[in-house]
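Q: Questions regarding the structure given below will be posed in turn.
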Amino acid sequence: MSHNILSISLKPLFFAWLALVVLTLLSLGLGHWFHGAHWLPLLVAAIIWIKGQLIARHFIESHIAHPFIARVLAAFIAFTPLALLLIAFFGRDFARWASL
């Protein structure tokens, strides 16, 4: 069998899933232990972005997609952590700007 054929091993998917579970539990624990810390939204946004990257690479296979699709997906993944940071640090200003 050729080594150029994509592997159908489930091991990378298992480790990606395990990392997602660990990151989820970590974010829940951090939210419980450090509730109200001014730096917590930065850490949670980073965890959300990492989880999105893991999902895109291992389950959506963005690394083999057309570059345009990969960039659109990367922008989509970045939207939630950026929105979290905007609301966490500029919540009142952002709400005033977003309301009619």
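Residues are referred to by chain and number: the chain letter is A, B, ... according to the order shown in the structure tokens, the number counts from 1 in that chain, and ligands are numbered separately from 1 in the order shown.
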Which neighbours of region 75-84 of chain A fall inside 10 Å, counting only C-alpha atoms, when residues of the same chain fewer than 2 positions from it are skipped, and could you give them as a ChimeraX atom specification?

A: /A:41-53,55-56,69-73,86-91,94

Q: Would you put the residues from that selection into a file with C-alpha atoms, as an mmCIF file, in the first residue's frame?

A:
data_model
loop_
_atom_site.group_PDB
_atom_site.id
_atom_site.type_symbol
_atom_site.label_atom_id
_atom_site.label_comp_id
_atom_site.auth_asym_id
_atom_site.auth_seq_id
_atom_site.Cartn_x
_atom_site.Cartn_y
_atom_site.Cartn_z
ATOM 1 C CA PRO A 41 -12.085 36.264 29.068
ATOM 2 C CA LEU A 42 -8.715 36.297 27.290
ATOM 3 C CA LEU A 43 -8.005 32.728 28.359
ATOM 4 C CA VAL A 44 -11.503 31.496 27.526
ATOM 5 C CA ALA A 45 -11.333 33.175 24.102
ATOM 6 C CA ALA A 46 -8.002 31.450 23.447
ATOM 7 C CA ILE A 47 -9.469 28.084 24.465
ATOM 8 C CA ILE A 48 -12.470 28.628 22.169
ATOM 9 C CA TRP A 49 -10.152 29.511 19.280
ATOM 10 C CA ILE A 50 -7.968 26.431 19.898
ATOM 11 C CA LYS A 51 -11.043 24.199 20.016
ATOM 12 C CA GLY A 52 -12.281 25.687 16.748
ATOM 13 C CA GLN A 53 -8.904 25.059 15.132
ATOM 14 C CA ILE A 55 -12.369 20.860 14.936
ATOM 15 C CA ALA A 56 -11.526 22.527 11.627
ATOM 16 C CA ILE A 69 -12.489 27.958 1.951
ATOM 17 C CA ALA A 70 -9.755 27.570 4.583
ATOM 18 C CA ARG A 71 -9.580 31.381 5.036
ATOM 19 C CA VAL A 72 -13.363 31.724 5.299
ATOM 20 C CA LEU A 73 -13.400 28.942 7.878
ATOM 21 C CA LEU A 86 -15.497 42.694 22.552
ATOM 22 C CA ILE A 87 -18.371 42.010 24.909
ATOM 23 C CA ALA A 88 -16.123 41.261 27.897
ATOM 24 C CA PHE A 89 -14.048 44.425 27.608
ATOM 25 C CA PHE A 90 -16.369 46.830 25.762
ATOM 26 C CA GLY A 91 -19.799 45.417 26.644
ATOM 27 C CA PHE A 94 -20.656 47.510 22.079
#

Q: With only C-alpha atoms as the counted atoms, please give the residues lying no more than 10 Å from His58 (chain A), apart from itself and same-chain residues fewer than 6 positions off, as a list in words.

A: Pro12, Leu13, Phe14, Phe15, Ala16 and Trp17 of chain A

Q: List every residue of chain A that DSSP, applied to the backbone, labels as alpha helix (DSSP H), and write the result as a PyMOL selection string.

A: chain A and resi 11-33+40-58+67-98

Q: Could you pull the residues within 10 Å of Gly31 (chain A), counting only C-alpha atoms, minus those fewer than 3 positions along the same chain, as a JSON list (two decimals) with N, CA and C atoms, in the first residue's frame?

A:
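Wrote it out as selection09.json, contents follow:
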[["chain", "number", "residue", "atom", "x", "y", "z"],
["A", 25, "LEU", "N", -13.32, 20.88, 29.88],
["A", 25, "LEU", "CA", -13.27, 20.75, 31.34],
["A", 25, "LEU", "C", -12.37, 21.82, 31.95],
["A", 26, "LEU", "N", -11.27, 22.13, 31.28],
["A", 26, "LEU", "CA", -10.37, 23.18, 31.76],
["A", 26, "LEU", "C", -11.08, 24.53, 31.79],
["A", 27, "SER", "N", -11.81, 24.85, 30.74],
["A", 27, "SER", "CA", -12.51, 26.14, 30.71],
["A", 27, "SER", "C", -13.60, 26.20, 31.77],
["A", 28, "LEU", "N", -14.29, 25.08, 32.00],
["A", 28, "LEU", "CA", -15.29, 25.07, 33.08],
["A", 28, "LEU", "C", -14.64, 25.26, 34.44],
["A", 34, "PHE", "N", -11.78, 30.95, 38.95],
["A", 34, "PHE", "CA", -11.33, 32.33, 38.78],
["A", 34, "PHE", "C", -12.46, 33.24, 38.30],
["A", 35, "HIS", "N", -13.67, 32.95, 38.74],
["A", 35, "HIS", "CA", -14.84, 33.74, 38.34],
["A", 35, "HIS", "C", -14.61, 35.22, 38.64],
["A", 36, "GLY", "N", -14.78, 36.04, 37.63],
["A", 36, "GLY", "CA", -14.63, 37.48, 37.82],
["A", 36, "GLY", "C", -13.23, 38.01, 37.59],
["A", 37, "ALA", "N", -12.26, 37.16, 37.33],
["A", 37, "ALA", "CA", -10.89, 37.63, 37.07],
["A", 37, "ALA", "C", -10.86, 38.40, 35.75],
["A", 40, "LEU", "N", -9.64, 36.38, 32.66],
["A", 40, "LEU", "CA", -10.33, 35.14, 32.29],
["A", 40, "LEU", "C", -10.93, 35.17, 30.88],
["A", 41, "PRO", "N", -11.56, 36.26, 30.44],
["A", 41, "PRO", "CA", -12.08, 36.26, 29.07],
["A", 41, "PRO", "C", -11.00, 36.04, 28.00],
["A", 43, "LEU", "N", -8.33, 34.16, 28.34],
["A", 43, "LEU", "CA", -8.00, 32.73, 28.36],
["A", 43, "LEU", "C", -9.13, 31.90, 27.76],
["A", 44, "VAL", "N", -10.36, 32.24, 28.08],
["A", 44, "VAL", "CA", -11.50, 31.50, 27.53],
["A", 44, "VAL", "C", -11.58, 31.71, 26.01]]

Q: Calculate how many Å separate CA of His63 (chain A) from CA of Val22 (chain A), rounding to one decimal.

A: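 CA of Val22 (chain A) lies 23.0 Å from CA of His63 (chain A).
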
Q: Provide the CA of Leu20 (chain A) to CA of Arg57 (chain A) distance in Å, to one decimal place.

A: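 Straight-line distance from CA of Leu20 (chain A) to CA of Arg57 (chain A) works out to 12.5 Å.
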
Q: I'd like the interatomic distance between CA of Arg92 (chain A) and CA of His38 (chain A), to a tenth of an Å.

A: 15.9 Å

Q: With distances taken over only C-alpha atoms, which residue among A:Ile8, A:Trp39, A:Arg96, A:Leu54 lies nearest Val21 (chain A)?

A: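 Distance minimum relative to Val21 (chain A) lands on A:Leu54.
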